[in-house]
$ cat run_39.cif   # mmCIF, C-alpha atoms and all ligand atoms
data_query
loop_
_atom_site.group_PDB
_atom_site.id
_atom_site.type_symbol
_atom_site.label_atom_id
_atom_site.label_comp_id
_atom_site.auth_asym_id
_atom_site.auth_seq_id
_atom_site.Cartn_x
_atom_site.Cartn_y
_atom_site.Cartn_z
ATOM 1 C CA MET A 590 -37.733 -97.571 57.029
ATOM 2 C CA GLN A 591 -38.978 -94.624 55.031
ATOM 3 C CA VAL A 592 -37.546 -94.668 51.524
ATOM 4 C CA PHE A 593 -37.370 -91.542 49.370
ATOM 5 C CA ILE A 594 -36.324 -91.839 45.728
ATOM 6 C CA LYS A 595 -35.372 -88.496 44.228
ATOM 7 C CA LYS A 596 -34.686 -87.556 40.612
ATOM 8 C CA ASP A 597 -30.999 -86.769 40.975
ATOM 9 C CA TYR A 598 -28.178 -85.957 43.376
ATOM 10 C CA GLU A 599 -29.328 -82.374 43.846
ATOM 11 C CA GLU A 600 -32.860 -83.372 44.841
ATOM 12 C CA MET A 601 -31.506 -86.106 47.093
ATOM 13 C CA SER A 602 -29.303 -83.546 48.865
ATOM 14 C CA GLN A 603 -32.162 -81.086 49.205
ATOM 15 C CA LYS A 604 -34.473 -83.686 50.717
ATOM 16 C CA ALA A 605 -31.730 -84.706 53.155
ATOM 17 C CA ALA A 606 -31.217 -81.049 54.155
ATOM 18 C CA GLU A 607 -34.978 -80.621 54.697
ATOM 19 C CA ILE A 608 -34.995 -83.620 57.040
ATOM 20 C CA VAL A 609 -31.969 -82.386 59.009
ATOM 21 C CA VAL A 610 -33.330 -78.854 59.334
ATOM 22 C CA GLU A 611 -36.771 -80.066 60.393
ATOM 23 C CA GLU A 612 -35.214 -82.132 63.182
ATOM 24 C CA MET A 613 -32.914 -79.258 64.203
ATOM 25 C CA GLY A 614 -36.038 -77.113 64.516
ATOM 26 C CA ARG A 615 -37.674 -79.620 66.844
ATOM 27 C CA LYS A 616 -34.798 -79.410 69.324
ATOM 28 C CA LYS A 617 -33.520 -75.849 69.321
ATOM 29 C CA ASP A 618 -31.785 -76.098 72.703
ATOM 30 C CA GLY A 619 -28.915 -78.382 71.749
ATOM 31 C CA PHE A 620 -29.202 -80.631 68.739
ATOM 32 C CA VAL A 621 -26.728 -83.501 68.434
ATOM 33 C CA LEU A 622 -25.927 -84.257 64.816
ATOM 34 C CA GLY A 623 -23.974 -87.298 63.693
ATOM 35 C CA LEU A 624 -22.002 -86.717 60.504
ATOM 36 C CA ALA A 625 -20.454 -88.777 57.759
ATOM 37 C CA THR A 626 -17.707 -88.177 55.228
ATOM 38 C CA GLY A 627 -17.348 -89.450 51.653
ATOM 39 C CA SER A 628 -18.625 -87.830 48.482
ATOM 40 C CA THR A 629 -22.294 -88.676 49.128
ATOM 41 C CA PRO A 630 -23.148 -86.087 51.837
ATOM 42 C CA VAL A 631 -21.237 -83.193 50.229
ATOM 43 C CA GLY A 632 -24.409 -81.893 48.510
ATOM 44 C CA LEU A 633 -26.265 -82.003 51.840
ATOM 45 C CA TYR A 634 -23.466 -80.001 53.493
ATOM 46 C CA LYS A 635 -23.503 -77.470 50.634
ATOM 47 C CA GLU A 636 -27.240 -77.006 51.114
ATOM 48 C CA LEU A 637 -26.823 -76.540 54.894
ATOM 49 C CA ILE A 638 -24.126 -73.924 54.234
ATOM 50 C CA ARG A 639 -26.408 -72.155 51.757
ATOM 51 C CA MET A 640 -29.251 -72.144 54.299
ATOM 52 C CA HIS A 641 -26.903 -70.753 56.941
ATOM 53 C CA LYS A 642 -25.747 -67.941 54.634
ATOM 54 C CA ASP A 643 -29.078 -67.103 52.965
ATOM 55 C CA GLU A 644 -31.606 -67.975 55.635
ATOM 56 C CA GLY A 645 -29.659 -67.658 58.871
ATOM 57 C CA LEU A 646 -29.767 -71.355 59.767
ATOM 58 C CA ASP A 647 -28.151 -71.358 63.196
ATOM 59 C CA PHE A 648 -25.585 -73.948 64.273
ATOM 60 C CA SER A 649 -24.504 -72.213 67.483
ATOM 61 C CA ARG A 650 -26.250 -74.809 69.650
ATOM 62 C CA VAL A 651 -25.443 -77.814 67.507
ATOM 63 C CA THR A 652 -23.000 -80.467 68.685
ATOM 64 C CA THR A 653 -21.566 -82.878 66.120
ATOM 65 C CA PHE A 654 -19.996 -86.318 66.242
ATOM 66 C CA ASN A 655 -18.365 -87.782 63.183
ATOM 67 C CA LEU A 656 -18.613 -91.474 62.494
ATOM 68 C CA ASP A 657 -14.997 -92.247 61.834
ATOM 69 C CA GLU A 658 -11.414 -91.189 61.175
ATOM 70 C CA TYR A 659 -8.364 -92.793 59.641
ATOM 71 C CA CYS A 660 -5.711 -93.951 62.074
ATOM 72 C CA SER A 661 -2.388 -92.138 61.785
ATOM 73 C CA LEU A 662 -3.684 -89.026 59.988
ATOM 74 C CA ALA A 663 -3.509 -85.750 61.926
ATOM 75 C CA PRO A 664 -6.583 -83.461 61.837
ATOM 76 C CA ASP A 665 -4.772 -81.045 59.506
ATOM 77 C CA HIS A 666 -3.823 -83.764 57.007
ATOM 78 C CA PRO A 667 -5.763 -82.927 53.810
ATOM 79 C CA GLN A 668 -7.077 -86.499 53.538
ATOM 80 C CA SER A 669 -8.150 -86.789 57.151
ATOM 81 C CA TYR A 670 -11.859 -86.821 57.833
ATOM 82 C CA HIS A 671 -11.385 -83.935 60.255
ATOM 83 C CA TYR A 672 -9.915 -81.787 57.499
ATOM 84 C CA PHE A 673 -12.713 -82.912 55.147
ATOM 85 C CA MET A 674 -15.367 -81.795 57.626
ATOM 86 C CA ASP A 675 -13.687 -78.421 58.235
ATOM 87 C CA ASP A 676 -13.411 -77.867 54.516
ATOM 88 C CA ASN A 677 -16.886 -79.084 53.528
ATOM 89 C CA LEU A 678 -18.938 -77.814 56.460
ATOM 90 C CA PHE A 679 -17.530 -76.511 59.720
ATOM 91 C CA ASN A 680 -15.482 -73.616 58.291
ATOM 92 C CA HIS A 681 -18.575 -72.221 56.572
ATOM 93 C CA ILE A 682 -21.178 -72.250 59.369
ATOM 94 C CA ASN A 683 -21.413 -70.714 62.845
ATOM 95 C CA ILE A 684 -20.681 -73.898 64.749
ATOM 96 C CA ASP A 685 -18.617 -73.585 67.911
ATOM 97 C CA LYS A 686 -15.554 -75.770 67.215
ATOM 98 C CA LYS A 687 -15.678 -76.825 70.886
ATOM 99 C CA ASN A 688 -18.843 -78.711 69.982
ATOM 100 C CA VAL A 689 -17.268 -80.562 67.054
ATOM 101 C CA HIS A 690 -16.095 -84.131 67.626
ATOM 102 C CA VAL A 691 -14.156 -86.290 65.204
ATOM 103 C CA PRO A 692 -12.325 -89.390 66.465
ATOM 104 C CA ASP A 693 -8.611 -88.734 66.930
ATOM 105 C CA GLY A 694 -6.694 -91.080 64.656
ATOM 106 C CA MET A 695 -3.453 -89.984 66.349
ATOM 107 C CA ALA A 696 -4.534 -90.833 69.912
ATOM 108 C CA LYS A 697 -1.728 -92.583 71.803
ATOM 109 C CA ASP A 698 -4.102 -95.012 73.461
ATOM 110 C CA LEU A 699 -6.640 -95.773 70.752
ATOM 111 C CA GLU A 700 -8.764 -98.101 72.867
ATOM 112 C CA ALA A 701 -9.075 -95.558 75.651
ATOM 113 C CA HIS A 702 -9.922 -92.887 73.092
ATOM 114 C CA CYS A 703 -12.694 -95.081 71.626
ATOM 115 C CA ARG A 704 -14.201 -95.552 75.089
ATOM 116 C CA GLU A 705 -13.957 -91.815 75.725
ATOM 117 C CA TYR A 706 -15.659 -91.071 72.383
ATOM 118 C CA GLU A 707 -18.620 -93.254 73.355
ATOM 119 C CA LYS A 708 -18.788 -91.478 76.711
ATOM 120 C CA MET A 709 -18.780 -88.060 75.054
ATOM 121 C CA ILE A 710 -21.749 -89.118 72.902
ATOM 122 C CA ARG A 711 -23.593 -90.379 75.978
ATOM 123 C CA ASP A 712 -22.787 -87.204 77.952
ATOM 124 C CA ALA A 713 -24.158 -85.102 75.092
ATOM 125 C CA GLY A 714 -27.458 -86.965 75.465
ATOM 126 C CA GLY A 715 -26.991 -89.278 72.478
ATOM 127 C CA ILE A 716 -27.181 -88.509 68.775
ATOM 128 C CA ASP A 717 -30.469 -87.001 67.592
ATOM 129 C CA LEU A 718 -29.872 -87.619 63.903
ATOM 130 C CA GLN A 719 -27.077 -89.604 62.302
ATOM 131 C CA VAL A 720 -26.173 -88.963 58.663
ATOM 132 C CA LEU A 721 -24.831 -92.086 56.932
ATOM 133 C CA GLY A 722 -23.464 -93.081 53.557
ATOM 134 C CA ILE A 723 -22.956 -96.631 52.362
ATOM 135 C CA GLY A 724 -19.646 -98.139 51.275
ATOM 136 C CA GLY A 725 -19.300 -100.284 48.157
ATOM 137 C CA ASP A 726 -19.218 -103.367 50.394
ATOM 138 C CA GLY A 727 -22.328 -102.292 52.309
ATOM 139 C CA HIS A 728 -20.563 -100.766 55.294
ATOM 140 C CA ILE A 729 -21.853 -97.909 57.413
ATOM 141 C CA ALA A 730 -19.104 -95.738 58.926
ATOM 142 C CA PHE A 731 -16.160 -98.169 58.628
ATOM 143 C CA ASN A 732 -18.048 -101.230 59.849
ATOM 144 C CA GLU A 733 -16.726 -103.630 57.284
ATOM 145 C CA PRO A 734 -18.479 -106.925 56.412
ATOM 146 C CA GLY A 735 -18.427 -109.285 59.362
ATOM 147 C CA SER A 736 -18.508 -106.506 61.963
ATOM 148 C CA SER A 737 -20.574 -107.393 64.992
ATOM 149 C CA LEU A 738 -24.006 -105.857 64.689
ATOM 150 C CA GLY A 739 -23.634 -104.858 68.336
ATOM 151 C CA SER A 740 -20.165 -103.342 67.924
ATOM 152 C CA ARG A 741 -19.081 -100.120 69.610
ATOM 153 C CA THR A 742 -16.494 -97.473 68.692
ATOM 154 C CA ARG A 743 -13.227 -99.252 67.988
ATOM 155 C CA VAL A 744 -10.286 -99.636 65.616
ATOM 156 C CA LYS A 745 -11.204 -101.500 62.448
ATOM 157 C CA THR A 746 -8.920 -102.957 59.781
ATOM 158 C CA LEU A 747 -10.125 -101.765 56.375
ATOM 159 C CA THR A 748 -10.929 -104.227 53.595
ATOM 160 C CA GLU A 749 -9.066 -104.175 50.314
ATOM 161 C CA GLU A 750 -12.251 -103.006 48.581
ATOM 162 C CA THR A 751 -12.567 -99.992 50.890
ATOM 163 C CA ILE A 752 -8.885 -99.139 50.470
ATOM 164 C CA LYS A 753 -9.319 -99.269 46.680
ATOM 165 C CA ASP A 754 -12.560 -97.217 46.826
ATOM 166 C CA ASN A 755 -10.895 -94.541 48.909
ATOM 167 C CA ALA A 756 -7.636 -94.449 46.937
ATOM 168 C CA ARG A 757 -9.276 -91.802 44.688
ATOM 169 C CA PHE A 758 -8.756 -89.255 47.484
ATOM 170 C CA PHE A 759 -5.012 -90.010 47.843
ATOM 171 C CA LYS A 760 -2.009 -89.632 45.515
ATOM 172 C CA ASN A 761 -1.592 -93.382 45.373
ATOM 173 C CA ILE A 762 -3.112 -96.459 46.978
ATOM 174 C CA ASP A 763 -0.146 -97.017 49.334
ATOM 175 C CA GLU A 764 -0.992 -93.766 51.083
ATOM 176 C CA VAL A 765 -4.471 -94.954 52.115
ATOM 177 C CA PRO A 766 -4.420 -95.820 55.831
ATOM 178 C CA LYS A 767 -5.096 -99.474 56.635
ATOM 179 C CA TYR A 768 -6.940 -98.839 59.902
ATOM 180 C CA ALA A 769 -9.623 -96.494 61.090
ATOM 181 C CA ILE A 770 -11.451 -95.595 64.264
ATOM 182 C CA THR A 771 -15.150 -96.076 63.693
ATOM 183 C CA MET A 772 -18.331 -95.840 65.659
ATOM 184 C CA GLY A 773 -19.740 -99.353 65.885
ATOM 185 C CA VAL A 774 -22.947 -100.658 64.360
ATOM 186 C CA GLY A 775 -24.417 -100.758 67.877
ATOM 187 C CA SER A 776 -23.346 -97.149 68.498
ATOM 188 C CA VAL A 777 -24.983 -95.995 65.242
ATOM 189 C CA MET A 778 -28.178 -97.874 66.076
ATOM 190 C CA GLU A 779 -28.568 -95.780 69.246
ATOM 191 C CA ALA A 780 -29.083 -92.591 67.242
ATOM 192 C CA LYS A 781 -32.699 -91.472 67.503
ATOM 193 C CA ILE A 782 -32.942 -91.051 63.726
ATOM 194 C CA CYS A 783 -30.713 -92.526 61.032
ATOM 195 C CA LEU A 784 -30.548 -90.828 57.653
ATOM 196 C CA LEU A 785 -28.895 -93.018 55.025
ATOM 197 C CA LEU A 786 -27.968 -91.375 51.716
ATOM 198 C CA ALA A 787 -26.914 -93.042 48.476
ATOM 199 C CA ASN A 788 -26.459 -91.871 44.931
ATOM 200 C CA GLY A 789 -25.244 -93.231 41.637
ATOM 201 C CA ALA A 790 -25.596 -96.556 39.805
ATOM 202 C CA LYS A 791 -22.498 -97.924 41.582
ATOM 203 C CA LYS A 792 -24.501 -98.132 44.819
ATOM 204 C CA ALA A 793 -27.676 -99.671 43.330
ATOM 205 C CA GLU A 794 -26.914 -103.315 44.057
ATOM 206 C CA VAL A 795 -25.560 -102.909 47.557
ATOM 207 C CA LEU A 796 -28.314 -100.474 48.498
ATOM 208 C CA ALA A 797 -31.011 -102.959 47.396
ATOM 209 C CA LYS A 798 -29.327 -105.566 49.600
ATOM 210 C CA ALA A 799 -29.214 -103.154 52.546
ATOM 211 C CA VAL A 800 -32.841 -102.037 52.221
ATOM 212 C CA GLU A 801 -34.580 -105.194 51.029
ATOM 213 C CA GLY A 802 -32.168 -108.055 51.620
ATOM 214 C CA PRO A 803 -31.711 -110.135 54.752
ATOM 215 C CA ILE A 804 -30.231 -108.476 57.826
ATOM 216 C CA THR A 805 -26.648 -109.623 57.880
ATOM 217 C CA ALA A 806 -23.232 -108.603 59.150
ATOM 218 C CA GLU A 807 -22.092 -109.077 55.535
ATOM 219 C CA ILE A 808 -23.872 -105.797 54.718
ATOM 220 C CA THR A 809 -23.724 -103.813 57.935
ATOM 221 C CA ALA A 810 -26.118 -101.160 56.555
ATOM 222 C CA SER A 811 -28.857 -103.845 56.485
ATOM 223 C CA VAL A 812 -29.170 -103.639 60.277
ATOM 224 C CA LEU A 813 -30.882 -100.283 59.776
ATOM 225 C CA GLN A 814 -33.985 -102.345 58.937
ATOM 226 C CA MET A 815 -34.143 -102.974 62.699
ATOM 227 C CA HIS A 816 -33.925 -99.272 63.553
ATOM 228 C CA PRO A 817 -37.272 -97.726 64.538
ATOM 229 C CA ASN A 818 -36.672 -94.447 62.717
ATOM 230 C CA THR A 819 -34.520 -94.709 59.609
ATOM 231 C CA MET A 820 -34.958 -92.661 56.474
ATOM 232 C CA VAL A 821 -33.179 -93.626 53.280
ATOM 233 C CA VAL A 822 -32.840 -90.922 50.650
ATOM 234 C CA MET A 823 -31.413 -91.818 47.248
ATOM 235 C CA ASP A 824 -31.368 -90.745 43.639
ATOM 236 C CA GLU A 825 -33.045 -92.764 40.866
ATOM 237 C CA ALA A 826 -29.756 -94.381 39.836
ATOM 238 C CA ALA A 827 -29.031 -95.737 43.326
ATOM 239 C CA GLY A 828 -32.648 -96.901 43.678
ATOM 240 C CA ALA A 829 -32.686 -98.745 40.345
ATOM 241 C CA LYS A 830 -32.432 -102.238 41.844
ATOM 242 C CA LEU A 831 -35.075 -101.893 44.550
ATOM 243 C CA LYS A 832 -37.978 -104.312 44.142
ATOM 244 C CA ARG A 833 -40.531 -102.067 45.819
ATOM 245 C CA LYS A 834 -39.562 -98.801 44.083
ATOM 246 C CA ASP A 835 -43.104 -97.996 42.984
ATOM 247 C CA TYR A 836 -44.511 -98.681 46.408
ATOM 248 C CA TYR A 837 -41.997 -96.333 48.093
ATOM 249 C CA LYS A 838 -42.978 -93.557 45.688
ATOM 250 C CA HIS A 839 -46.656 -94.256 46.359
ATOM 251 C CA VAL A 840 -46.072 -94.104 50.122
ATOM 252 C CA GLU A 841 -44.293 -90.748 49.791
ATOM 253 C CA LYS A 842 -47.225 -89.295 47.828
ATOM 254 C CA MET A 843 -49.789 -90.678 50.277
ATOM 255 C CA THR A 844 -47.840 -89.365 53.283
ATOM 256 C CA ASP A 845 -47.621 -85.890 51.734
ATOM 257 C CA ALA A 846 -51.350 -85.966 51.002
ATOM 258 C CA LEU A 847 -52.068 -86.938 54.613
ATOM 259 C CA LYS A 848 -49.928 -84.029 55.903
ATOM 260 C CA LYS A 849 -51.901 -81.567 53.776
ATOM 261 C CA LYS A 850 -55.283 -82.747 55.176
HETATM 262 C C1 LIG B 901 -16.077 -94.272 53.598
HETATM 263 C C2 LIG B 901 -16.740 -93.731 54.867
HETATM 264 C C3 LIG B 901 -18.236 -94.023 54.891
HETATM 265 C C4 LIG B 901 -18.856 -93.610 53.578
HETATM 266 C C5 LIG B 901 -18.216 -94.370 52.449
HETATM 267 C C6 LIG B 901 -18.850 -94.088 51.101
HETATM 268 O O1 LIG B 901 -15.835 -95.624 53.681
HETATM 269 N N1 LIG B 901 -16.141 -94.269 56.043
HETATM 270 O O2 LIG B 901 -18.830 -93.347 55.991
HETATM 271 O O3 LIG B 901 -20.235 -93.838 53.624
HETATM 272 O O4 LIG B 901 -16.844 -94.007 52.430
HETATM 273 O O5 LIG B 901 -18.217 -93.049 50.427
HETATM 274 P P1 LIG B 901 -18.829 -92.271 49.221
HETATM 275 O O6 LIG B 901 -19.930 -91.427 49.788
HETATM 276 O O7 LIG B 901 -17.716 -91.433 48.678
HETATM 277 O O8 LIG B 901 -19.341 -93.282 48.259
#
$ encode --input "run_39.cif" --output "structure tokens"
Amino acid sequence: MQVFIKKDYEEMSQKAAEIVVEEMGRKKDGFVLGLATGSTPVGLYKELIRMHKDEGLDFSRVTTFNLDEYCSLAPDHPQSYHYFMDDNLFNHINIDKKNVHVPDGMAKDLEAHCREYEKMIRDAGGIDLQVLGIGGDGHIAFNEPGSSLGSRTRVKTLTEETIKDNARFFKNIDEVPKYAITMGVGSVMEAKICLLLANGAKKAEVLAKAVEGPITAEITASVLQMHPNTMVVMDEAAGAKLKRKDYYKHVEKMTDALKKK
């Protein structure tokens, strides 16, 4: 795991954008980008939009797969993850909407749709870089505590904590869907690069568990310790409870110095 601790949310988002753009540049002929929702990656998406508008960053050959979607919300529902992605990214860049994939929470046969989603990822050649946030209970995507670390795309029942956390986006808590389609932990682990983002003091404890604690299905993000190429980018507040904070900063400096040689 490479850990980057940045001063604030803005610097965290900029570093994340640098990583995404560098990887996009390595694979110009069809980059497959895995995307996440939630408030955490919004700054990253804003920076990608700015780079598209000011610097001509090209998304015409980018294919995207989103991690998850609420069951029973249509793509045009303002609280659906599909709507969120349109609003926060897709409507502002030159991506071909044919190349955009978000699980369909309205699919008649949800199990068949989950299988099909996995197949679409495989047919696209797998995910080159997967953007991730972390839930208050340590989940990645909607892989709630206790999820199999080998799980695939499926329907997941949300925990009370997640429903409460996400109630801020709805008029009232009863409107928050109780189920979601989510890529599994095993599906996420197949991405060539994972990029986990976290900001704010609220995430400090769970992030320390994910990065430095034991690997456990109780904190599904902790399995990223087993991934050969994971980068974790956070702000100071989210990194406050890490034991090896100083070492991570030292490593970043030393790596930069090595690059300049
Ligand atoms: C939801 C999403 C996750 C996201 C999490 C954190 O549960 N399914 O992918 O990481 O929210 O949200 P936020 O970034 O708003 O803290």
$ resolve_selection --input "run_39.cif" --expression "the PyMOL selection byres (((chain A and resi 696) around 12) and not hetatm)" --output "JSON list (two decimals) with C-alpha atoms, in the coordinates of the input"
[["chain", "number", "residue", "atom", "x", "y", "z"],
["A", 658, "GLU", "CA", -11.41, -91.19, 61.18],
["A", 659, "TYR", "CA", -8.36, -92.79, 59.64],
["A", 660, "CYS", "CA", -5.71, -93.95, 62.07],
["A", 661, "SER", "CA", -2.39, -92.14, 61.78],
["A", 662, "LEU", "CA", -3.68, -89.03, 59.99],
["A", 663, "ALA", "CA", -3.51, -85.75, 61.93],
["A", 664, "PRO", "CA", -6.58, -83.46, 61.84],
["A", 691, "VAL", "CA", -14.16, -86.29, 65.20],
["A", 692, "PRO", "CA", -12.32, -89.39, 66.46],
["A", 693, "ASP", "CA", -8.61, -88.73, 66.93],
["A", 694, "GLY", "CA", -6.69, -91.08, 64.66],
["A", 695, "MET", "CA", -3.45, -89.98, 66.35],
["A", 697, "LYS", "CA", -1.73, -92.58, 71.80],
["A", 698, "ASP", "CA", -4.10, -95.01, 73.46],
["A", 699, "LEU", "CA", -6.64, -95.77, 70.75],
["A", 700, "GLU", "CA", -8.76, -98.10, 72.87],
["A", 701, "ALA", "CA", -9.07, -95.56, 75.65],
["A", 702, "HIS", "CA", -9.92, -92.89, 73.09],
["A", 703, "CYS", "CA", -12.69, -95.08, 71.63],
["A", 704, "ARG", "CA", -14.20, -95.55, 75.09],
["A", 705, "GLU", "CA", -13.96, -91.82, 75.72],
["A", 706, "TYR", "CA", -15.66, -91.07, 72.38],
["A", 744, "VAL", "CA", -10.29, -99.64, 65.62],
["A", 769, "ALA", "CA", -9.62, -96.49, 61.09],
["A", 770, "ILE", "CA", -11.45, -95.60, 64.26]]
$ axis_aligned_box --input "run_39.cif" --around "ligand LIG 901 (chain B)" --padding-each-side "6 Å" --output "AutoDock Vina command-line options"
--center_x -18.0 --center_y -93.5 --center_z 52.2 --size_x 16.4 --size_y 16.2 --size_z 19.8
$ residues_around --input "run_39.cif" --residues "stretch 760-767 of chain A" --least-positions-apart "5" --cutoff "10 Å" --atoms "all atoms listed in the file" --output "PDB file with C-alpha atoms, in the coordinates of the input"
ATOM      1  CA  GLU A 658     -11.414 -91.189  61.175  1.00  0.00           C
ATOM      2  CA  TYR A 659      -8.364 -92.793  59.641  1.00  0.00           C
ATOM      3  CA  CYS A 660      -5.711 -93.951  62.074  1.00  0.00           C
ATOM      4  CA  SER A 661      -2.388 -92.138  61.785  1.00  0.00           C
ATOM      5  CA  LEU A 662      -3.684 -89.026  59.988  1.00  0.00           C
ATOM      6  CA  GLN A 668      -7.077 -86.499  53.538  1.00  0.00           C
ATOM      7  CA  SER A 669      -8.150 -86.789  57.151  1.00  0.00           C
ATOM      8  CA  LYS A 745     -11.204-101.500  62.448  1.00  0.00           C
ATOM      9  CA  THR A 746      -8.920-102.957  59.781  1.00  0.00           C
ATOM     10  CA  LEU A 747     -10.125-101.765  56.375  1.00  0.00           C
ATOM     11  CA  THR A 748     -10.929-104.227  53.595  1.00  0.00           C
ATOM     12  CA  GLU A 749      -9.066-104.175  50.314  1.00  0.00           C
ATOM     13  CA  THR A 751     -12.567 -99.992  50.890  1.00  0.00           C
ATOM     14  CA  ILE A 752      -8.885 -99.139  50.470  1.00  0.00           C
ATOM     15  CA  LYS A 753      -9.319 -99.269  46.680  1.00  0.00           C
ATOM     16  CA  ASP A 754     -12.560 -97.217  46.826  1.00  0.00           C
ATOM     17  CA  ASN A 755     -10.895 -94.541  48.909  1.00  0.00           C
TER      18      ASN A 755
END
$ closest_atom_pairs --input "run_39.cif" --of "chain A" --to "ligand LIG 901 (chain B)" --cutoff "7 Å" --atoms "all atoms listed in the file" --output "tab-separated table"
residue	atom	partner	partner_atom	distance
A:Ala625	CA	B:LIG901	O2	5.2
A:Thr626	CA	B:LIG901	O2	5.3
A:Gly627	CA	B:LIG901	O7	3.6
A:Ser628	CA	B:LIG901	O7	3.7
A:Thr629	CA	B:LIG901	O6	3.7
A:Pro630	CA	B:LIG901	O6	6.6
A:Leu656	CA	B:LIG901	O2	6.8
A:Asp657	CA	B:LIG901	N1	6.2
A:Leu721	CA	B:LIG901	O3	5.9
A:Gly722	CA	B:LIG901	O3	3.3
A:Ile723	CA	B:LIG901	O3	4.1
A:Gly724	CA	B:LIG901	C6	4.1
A:Gly725	CA	B:LIG901	C6	6.9
A:Ile729	CA	B:LIG901	O2	5.7
A:Ala730	CA	B:LIG901	O2	3.8
A:Phe731	CA	B:LIG901	N1	4.7
A:Thr751	CA	B:LIG901	O1	6.1
A:Asn755	CA	B:LIG901	O4	6.9
$ residues_around --input "run_39.cif" --residues "stretch 775-778 of chain A" --least-positions-apart "4" --cutoff "10 Å" --atoms "all atoms listed in the file" --output "ChimeraX atom specification"
/A:623,656,707,710,715-716,718-721,729-730,737-742,771,782-783,812-813,815-819
$ closest_residue --input "run_39.cif" --among "A:Glu612, A:Asp835, A:Glu801, A:Glu636" --to "A:Ile594" --atoms "only C-alpha atoms"
A:Asp835
$ residues_around --input "run_39.cif" --residues "A:Lys830" --least-positions-apart "2" --cutoff "7 Å" --atoms "all atoms listed in the file" --output "PyMOL selection string"
chain A and resi 793-794+797+828+832
$ atom_distance --input "run_39.cif" --atom1 "atom CA of A:Glu825" --atom2 "atom CA of A:Ala846"
22.0 Å
$ closest_residue --input "run_39.cif" --among "A:Leu633, A:Val840, A:Leu624, A:Val795" --to "A:Met772" --atoms "all atoms listed in the file"
A:Leu624
$ resolve_selection --input "run_39.cif" --expression "the PyMOL selection byres (((chain A and resi 647) around 12) and not hetatm)" --output "list in words"
Val610, Met613, Gly614, Lys617, Asp618, Gly619, Phe620, Leu637, Ile638, Arg639, Met640, His641, Lys642, Asp643, Glu644, Gly645, Leu646, Phe648, Ser649, Arg650, Val651, Thr652, His681, Ile682, Asn683, Ile684 and Asp685 of chain A
